[in-house]
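Trainee: Quick one, protein05.cif (mmCIF, C-alpha atoms):
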```cif
data_data
loop_
_atom_site.group_PDB
_atom_site.id
_atom_site.type_symbol
_atom_site.label_atom_id
_atom_site.label_comp_id
_atom_site.auth_asym_id
_atom_site.auth_seq_id
_atom_site.Cartn_x
_atom_site.Cartn_y
_atom_site.Cartn_z
ATOM 1 C CA MET A 1 25.575 77.125 99.403
ATOM 2 C CA LYS A 2 28.217 79.839 99.511
ATOM 3 C CA GLN A 3 27.829 80.240 95.771
ATOM 4 C CA ARG A 4 24.088 80.683 96.276
ATOM 5 C CA VAL A 5 24.770 83.610 98.603
ATOM 6 C CA GLY A 6 26.882 85.230 95.888
ATOM 7 C CA ALA A 7 24.167 84.521 93.330
ATOM 8 C CA ILE A 8 21.539 86.281 95.454
ATOM 9 C CA LEU A 9 23.743 89.366 95.658
ATOM 10 C CA ALA A 10 24.436 89.318 91.919
ATOM 11 C CA LYS A 11 20.762 88.863 91.067
ATOM 12 C CA ASN A 12 19.900 91.909 93.151
ATOM 13 C CA GLY A 13 22.689 94.022 91.649
ATOM 14 C CA ILE A 14 24.741 94.184 94.846
ATOM 15 C CA ALA A 15 28.547 94.303 94.620
ATOM 16 C CA ARG A 16 30.582 92.196 97.030
ATOM 17 C CA PRO A 17 32.504 94.549 99.353
ATOM 18 C CA TYR A 18 34.405 91.626 100.907
ATOM 19 C CA SER A 19 36.298 88.850 99.144
ATOM 20 C CA ASN A 20 35.270 86.545 102.010
ATOM 21 C CA LEU A 21 31.561 87.013 102.679
ATOM 22 C CA PHE A 22 31.689 84.581 105.585
ATOM 23 C CA GLY A 23 34.332 86.280 107.710
ATOM 24 C CA PRO A 24 33.394 88.766 110.469
ATOM 25 C CA GLY A 25 33.034 91.754 108.115
ATOM 26 C CA GLY A 26 31.228 89.810 105.409
ATOM 27 C CA SER A 27 28.822 88.193 107.872
ATOM 28 C CA ARG A 28 27.943 91.599 109.322
ATOM 29 C CA PHE A 29 27.394 92.972 105.814
ATOM 30 C CA LEU A 30 25.033 90.101 104.924
ATOM 31 C CA ALA A 31 23.098 90.467 108.172
ATOM 32 C CA GLU A 32 22.543 94.220 107.707
ATOM 33 C CA LEU A 33 21.827 94.132 103.967
ATOM 34 C CA GLU A 34 18.387 95.484 102.997
ATOM 35 C CA LEU A 35 16.583 93.209 100.548
ATOM 36 C CA ARG A 36 13.056 92.303 99.501
ATOM 37 C CA ALA A 37 11.322 89.717 101.703
ATOM 38 C CA GLY A 38 11.984 86.695 99.451
ATOM 39 C CA PRO A 39 15.752 87.184 98.909
ATOM 40 C CA ARG A 40 16.149 88.279 102.538
ATOM 41 C CA ARG A 41 14.583 85.037 103.784
ATOM 42 C CA ARG A 42 16.836 82.920 101.563
ATOM 43 C CA LEU A 43 19.896 84.912 102.583
ATOM 44 C CA ASP A 44 19.058 84.451 106.277
ATOM 45 C CA GLY A 45 18.698 80.689 105.893
ATOM 46 C CA LEU A 46 21.890 79.921 103.975
ATOM 47 C CA PRO A 47 24.491 81.046 106.574
ATOM 48 C CA ALA A 48 22.788 78.883 109.212
ATOM 49 C CA LEU A 49 22.943 75.847 106.899
ATOM 50 C CA ILE A 50 26.591 76.579 106.043
ATOM 51 C CA ALA A 51 27.453 76.754 109.758
ATOM 52 C CA ALA A 52 25.690 73.423 110.382
ATOM 53 C CA PHE A 53 27.652 71.734 107.582
ATOM 54 C CA ASP A 54 30.904 73.282 108.838
ATOM 55 C CA ARG A 55 30.297 71.736 112.272
ATOM 56 C CA GLU A 56 29.578 68.341 110.710
ATOM 57 C CA ILE A 57 32.698 68.542 108.520
ATOM 58 C CA GLU A 58 34.837 69.504 111.504
ATOM 59 C CA THR A 59 33.538 66.584 113.593
ATOM 60 C CA THR A 60 34.011 64.089 110.764
ATOM 61 C CA THR A 61 37.501 65.431 110.035
ATOM 62 C CA LYS A 62 38.542 64.833 113.643
ATOM 63 C CA GLU A 63 37.205 61.269 113.518
ATOM 64 C CA ILE A 64 39.087 60.554 110.286
ATOM 65 C CA GLU A 65 42.308 62.006 111.711
ATOM 66 C CA GLN A 66 41.979 59.803 114.808
ATOM 67 C CA GLN A 67 41.500 56.696 112.682
ATOM 68 C CA ALA A 68 44.379 57.683 110.405
ATOM 69 C CA SER A 69 46.724 58.147 113.361
ATOM 70 C CA ALA A 70 45.852 54.666 114.637
ATOM 71 C CA ASP A 71 46.432 52.897 111.287
ATOM 72 C CA ALA A 72 50.090 52.137 110.513
ATOM 73 C CA TYR A 73 49.276 51.535 106.837
ATOM 74 C CA VAL A 74 48.316 55.193 106.374
ATOM 75 C CA ASP A 75 51.926 56.327 106.863
ATOM 76 C CA VAL A 76 53.099 53.594 104.488
ATOM 77 C CA LEU A 77 50.793 54.734 101.681
ATOM 78 C CA CYS A 78 51.563 58.402 102.313
ATOM 79 C CA GLN A 79 55.108 57.763 101.060
ATOM 80 C CA ILE A 80 53.610 57.743 97.553
ATOM 81 C CA ARG A 81 53.546 61.156 95.886
ATOM 82 C CA GLY A 82 50.008 62.499 95.731
ATOM 83 C CA VAL A 83 48.657 60.200 98.433
ATOM 84 C CA GLY A 84 47.652 62.082 101.578
ATOM 85 C CA ARG A 85 45.956 60.812 104.700
ATOM 86 C CA TYR A 86 42.415 61.003 103.306
ATOM 87 C CA ILE A 87 43.246 59.208 100.073
ATOM 88 C CA ALA A 88 45.232 56.599 102.022
ATOM 89 C CA MET A 89 42.238 55.988 104.290
ATOM 90 C CA LEU A 90 39.937 55.718 101.275
ATOM 91 C CA VAL A 91 42.234 53.178 99.586
ATOM 92 C CA ILE A 92 42.427 51.088 102.768
ATOM 93 C CA ALA A 93 38.643 51.171 103.230
ATOM 94 C CA GLU A 94 37.818 50.321 99.607
ATOM 95 C CA VAL A 95 40.433 47.587 99.124
ATOM 96 C CA GLY A 96 39.771 45.851 102.442
ATOM 97 C CA ASP A 97 41.774 42.644 102.912
ATOM 98 C CA VAL A 98 44.443 42.958 100.227
ATOM 99 C CA THR A 99 45.352 39.260 100.464
ATOM 100 C CA ARG A 100 42.186 38.423 98.518
ATOM 101 C CA PHE A 101 44.035 39.699 95.456
ATOM 102 C CA PRO A 102 46.804 37.337 94.286
ATOM 103 C CA SER A 103 48.701 40.154 92.571
ATOM 104 C CA ALA A 104 48.750 43.897 91.998
ATOM 105 C CA ARG A 105 47.420 43.266 88.497
ATOM 106 C CA HIS A 106 44.339 41.582 89.942
ATOM 107 C CA LEU A 107 43.743 44.562 92.257
ATOM 108 C CA CYS A 108 44.052 47.037 89.370
ATOM 109 C CA ALA A 109 41.619 44.951 87.311
ATOM 110 C CA TRP A 110 39.151 44.848 90.228
ATOM 111 C CA ALA A 111 39.421 48.638 90.555
ATOM 112 C CA GLY A 112 38.584 49.068 86.857
ATOM 113 C CA LEU A 113 41.925 50.665 85.992
ATOM 114 C CA THR A 114 43.107 48.096 83.462
ATOM 115 C CA PRO A 115 42.327 48.581 79.753
ATOM 116 C CA THR A 116 39.843 46.343 78.012
ATOM 117 C CA VAL A 117 41.201 44.060 75.281
ATOM 118 C CA ARG A 118 39.468 43.650 71.930
ATOM 119 C CA SER A 119 40.458 40.938 69.503
ATOM 120 C CA SER A 120 39.804 41.053 65.773
ATOM 121 C CA ASP A 121 41.438 39.130 62.929
ATOM 122 C CA GLY A 122 43.877 37.612 65.367
ATOM 123 C CA LYS A 123 45.022 41.019 66.596
ATOM 124 C CA ALA A 124 44.532 42.306 70.144
ATOM 125 C CA ARG A 125 43.845 45.983 70.742
ATOM 126 C CA LEU A 126 43.735 47.806 74.057
ATOM 127 C CA GLY A 127 40.663 49.935 74.678
ATOM 128 C CA HIS A 128 39.497 52.227 77.477
ATOM 129 C CA ILE A 129 39.660 51.164 81.104
ATOM 130 C CA SER A 130 36.893 48.798 82.155
ATOM 131 C CA GLY A 131 35.419 51.211 84.722
ATOM 132 C CA GLN A 132 34.401 48.329 86.985
ATOM 133 C CA GLY A 133 34.860 48.338 90.735
ATOM 134 C CA SER A 134 34.722 51.333 93.055
ATOM 135 C CA PRO A 135 34.216 54.755 91.411
ATOM 136 C CA ALA A 136 35.396 56.426 94.640
ATOM 137 C CA LEU A 137 38.678 54.496 94.538
ATOM 138 C CA ARG A 138 39.314 55.379 90.890
ATOM 139 C CA TRP A 139 38.541 59.029 91.585
ATOM 140 C CA ALA A 140 40.969 59.111 94.533
ATOM 141 C CA LEU A 141 43.769 57.474 92.553
ATOM 142 C CA VAL A 142 43.347 59.824 89.586
ATOM 143 C CA GLU A 143 43.374 62.754 92.038
ATOM 144 C CA ALA A 144 46.652 61.421 93.456
ATOM 145 C CA ALA A 145 48.017 61.030 89.919
ATOM 146 C CA GLN A 146 47.429 64.773 89.331
ATOM 147 C CA HIS A 147 50.509 65.410 91.497
ATOM 148 C CA ALA A 148 52.825 63.202 89.429
ATOM 149 C CA PRO A 149 53.979 65.997 87.070
ATOM 150 C CA THR A 150 54.865 68.282 90.004
ATOM 151 C CA GLY A 151 57.559 66.105 91.571
ATOM 152 C CA GLY A 152 60.442 63.914 90.565
ATOM 153 C CA GLY A 153 60.882 60.178 90.569
ATOM 154 C CA PRO A 154 59.498 57.305 88.497
ATOM 155 C CA LEU A 155 55.862 58.465 88.593
ATOM 156 C CA ARG A 156 56.708 61.772 86.935
ATOM 157 C CA ALA A 157 58.926 60.025 84.393
ATOM 158 C CA ALA A 158 56.106 57.609 83.557
ATOM 159 C CA TYR A 159 53.588 60.440 83.285
ATOM 160 C CA GLU A 160 55.749 62.499 80.936
ATOM 161 C CA ARG A 161 56.599 59.493 78.760
ATOM 162 C CA ILE A 162 52.970 58.404 78.366
ATOM 163 C CA ALA A 163 51.594 61.952 78.022
ATOM 164 C CA LYS A 164 53.960 62.655 75.156
ATOM 165 C CA ARG A 165 52.860 59.531 73.336
ATOM 166 C CA ARG A 166 49.152 59.201 74.211
ATOM 167 C CA GLY A 167 48.008 62.407 75.905
ATOM 168 C CA LYS A 168 47.632 63.732 79.437
ATOM 169 C CA GLN A 169 44.364 61.985 80.302
ATOM 170 C CA VAL A 170 45.698 58.538 79.414
ATOM 171 C CA ALA A 171 48.882 59.347 81.336
ATOM 172 C CA LYS A 172 46.920 60.240 84.475
ATOM 173 C CA VAL A 173 45.021 56.948 84.391
ATOM 174 C CA ALA A 174 48.240 55.004 83.800
ATOM 175 C CA VAL A 175 49.917 56.734 86.760
ATOM 176 C CA ALA A 176 46.815 56.052 88.883
ATOM 177 C CA ARG A 177 47.286 52.371 88.070
ATOM 178 C CA LYS A 178 50.944 52.571 89.098
ATOM 179 C CA ILE A 179 49.949 54.261 92.367
ATOM 180 C CA LEU A 180 47.469 51.478 93.121
ATOM 181 C CA THR A 181 50.202 48.947 92.363
ATOM 182 C CA LEU A 182 52.433 50.624 94.963
ATOM 183 C CA CYS A 183 49.500 50.648 97.398
ATOM 184 C CA TYR A 184 49.079 46.909 96.882
ATOM 185 C CA TYR A 185 52.644 46.182 97.962
ATOM 186 C CA GLY A 186 52.390 48.638 100.834
ATOM 187 C CA LEU A 187 49.230 46.969 102.164
ATOM 188 C CA ARG A 188 50.581 43.463 101.579
ATOM 189 C CA ASP A 189 54.097 43.926 102.970
ATOM 190 C CA GLY A 190 53.702 46.867 105.341
ATOM 191 C CA GLN A 191 56.314 48.736 103.317
ATOM 192 C CA ILE A 192 56.985 49.855 99.749
ATOM 193 C CA ARG A 193 60.494 48.630 99.059
ATOM 194 C CA CYS A 194 61.144 50.807 96.013
ATOM 195 C CA LEU A 195 60.379 53.883 98.138
ATOM 196 C CA ALA A 196 62.218 52.700 101.257
ATOM 197 C CA PRO A 197 65.634 54.176 100.277
ATOM 198 C CA ARG A 198 64.069 57.614 99.802
ATOM 199 C CA ALA A 199 62.226 57.389 103.129
ATOM 200 C CA LYS A 200 65.419 56.176 104.864
ATOM 201 C CA SER A 201 67.425 59.002 103.310
ATOM 202 C CA ARG A 202 64.853 61.535 104.494
ATOM 203 C CA THR A 203 65.034 60.088 108.017
ATOM 204 C CA ASN A 204 68.849 60.256 107.998
ATOM 205 C CA ARG A 205 68.786 63.912 106.904
ATOM 206 C CA THR A 206 66.320 64.748 109.674
ATOM 207 C CA THR A 207 68.533 62.999 112.236
ATOM 208 C CA ALA A 208 71.608 64.838 110.987
ATOM 209 C CA VAL A 209 69.864 68.216 111.259
ATOM 210 C CA THR A 210 68.674 67.373 114.783
ATOM 211 C CA ARG A 211 72.205 66.499 115.805
#
```
Could the structure of this file be written out as structure tokens, please?

Mentor:
Amino acid sequence: MKQRVGAILAKNGIARPYSNLFGPGGSRFLAELELRAGPRRRLDGLPALIAAFDREIETTTKEIEQQASADAYVDVLCQIRGVGRYIAMLVIAEVGDVTRFPSARHLCAWAGLTPTVRSSDGKARLGHISGQGSPALRWALVEAAQHAPTGGGPLRAAYERIAKRRGKQVAKVAVARKILTLCYYGLRDGQIRCLAPRAKSRTNRTTAVTR
């Protein structure tokens, strides 16, 4: 909707005097702008719709934050690089009862993040991921995997190794699968043991600084 406001100005040959058209100065400019009846009507309606959506987003954000604060598993999953509170909540909601999956491999297969296998002449070849399961979960995990190259640790090492051999897109999906594997153990055990030393070290440093 904000882009539509900019499009109306561009279509009518009007330069944007403010980088933020929805701040105090920009809002005043839009309200006082002289336009033909049709564009003026559309321009009057869009800010009201944007404000309504902003209120809805703010209310929903508060509800999500309250639920996140009450769920101990959110902090566990947030130890994983790239996983914030929203992605953690999405993983928890989509996976549900993790004990229904006997292993992390089964969870990754259910999420559609494991490659398909094609056999021919006695040889097995790996294809694209199956794409089954929850599209929202796959999207969230790939979003989390985008942060792998920006930090250190095993996820970045895995990303760089796979990207060099098979390309960045394949590497992102592979790291997304590794992130879901870590989520599986976090949801099953209430902790991610391979990340526990780093979390403990961070806690010790914080305590030392406080002292």

Trainee: Just so the selection is clear, what residues does the PyMOL selection byres ((chain A and resi 92) around 10) cover here, as a list of chain:residue names?

Mentor: A:Asp71, A:Tyr73, A:Val74, A:Leu77, A:Tyr86, A:Ile87, A:Ala88, A:Met89, A:Leu90, A:Val91, A:Ala93, A:Glu94, A:Val95, A:Gly96, A:Asp97, A:Val98, A:Leu137, A:Cys183, A:Tyr184, A:Leu187

Trainee: Between atom CA of A:Arg41 and atom CA of A:Lys11, what is the distance in Å, rounded to a tenth?

Mentor: 14.6 Å

Trainee: Would you translate the PyMOL selection byres ((chain A and resi 148-162) around 8) into the concrete set of residues it matches in this file, as number ranges by chain?

Mentor: A: 81-82, 144-147, 163-168, 170-172, 174-175, 178

Trainee: Mind telling me what the PyMOL selection byres ((chain A and resi 112) around 9) catches here, as an mmCIF file with C-alpha atoms, in the coordinates of the input?

Mentor:
```
data_model
loop_
_atom_site.group_PDB
_atom_site.id
_atom_site.type_symbol
_atom_site.label_atom_id
_atom_site.label_comp_id
_atom_site.auth_asym_id
_atom_site.auth_seq_id
_atom_site.Cartn_x
_atom_site.Cartn_y
_atom_site.Cartn_z
ATOM 1 C CA LEU A 107 43.743 44.562 92.257
ATOM 2 C CA CYS A 108 44.052 47.037 89.370
ATOM 3 C CA ALA A 109 41.619 44.951 87.311
ATOM 4 C CA TRP A 110 39.151 44.848 90.228
ATOM 5 C CA ALA A 111 39.421 48.638 90.555
ATOM 6 C CA LEU A 113 41.925 50.665 85.992
ATOM 7 C CA THR A 114 43.107 48.096 83.462
ATOM 8 C CA PRO A 115 42.327 48.581 79.753
ATOM 9 C CA ILE A 129 39.660 51.164 81.104
ATOM 10 C CA SER A 130 36.893 48.798 82.155
ATOM 11 C CA GLY A 131 35.419 51.211 84.722
ATOM 12 C CA GLN A 132 34.401 48.329 86.985
ATOM 13 C CA GLY A 133 34.860 48.338 90.735
ATOM 14 C CA SER A 134 34.722 51.333 93.055
ATOM 15 C CA PRO A 135 34.216 54.755 91.411
ATOM 16 C CA ARG A 138 39.314 55.379 90.890
#
```

Trainee: Give the answer as one residue: which of A:Gln66, A:Ile8, A:Gly186, A:Ile57 has the shortest atom-to-atom distance to A:Gly38, using all atoms listed in the file?

Mentor: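 Smallest separation from A:Gly38 among the options: A:Ile8.
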
Trainee: Just to confirm, what's the straight-line distance from atom CA of A:Met1 to atom CA of A:Lys62 in Å (one decimal)?

Mentor: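 These two atoms are separated by 22.8 Å.
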
Trainee: What does the structure give for the distance between atom CA of A:Arg42 and atom CA of A:Pro17, in Å to one decimal?

Mentor: 19.6 Å
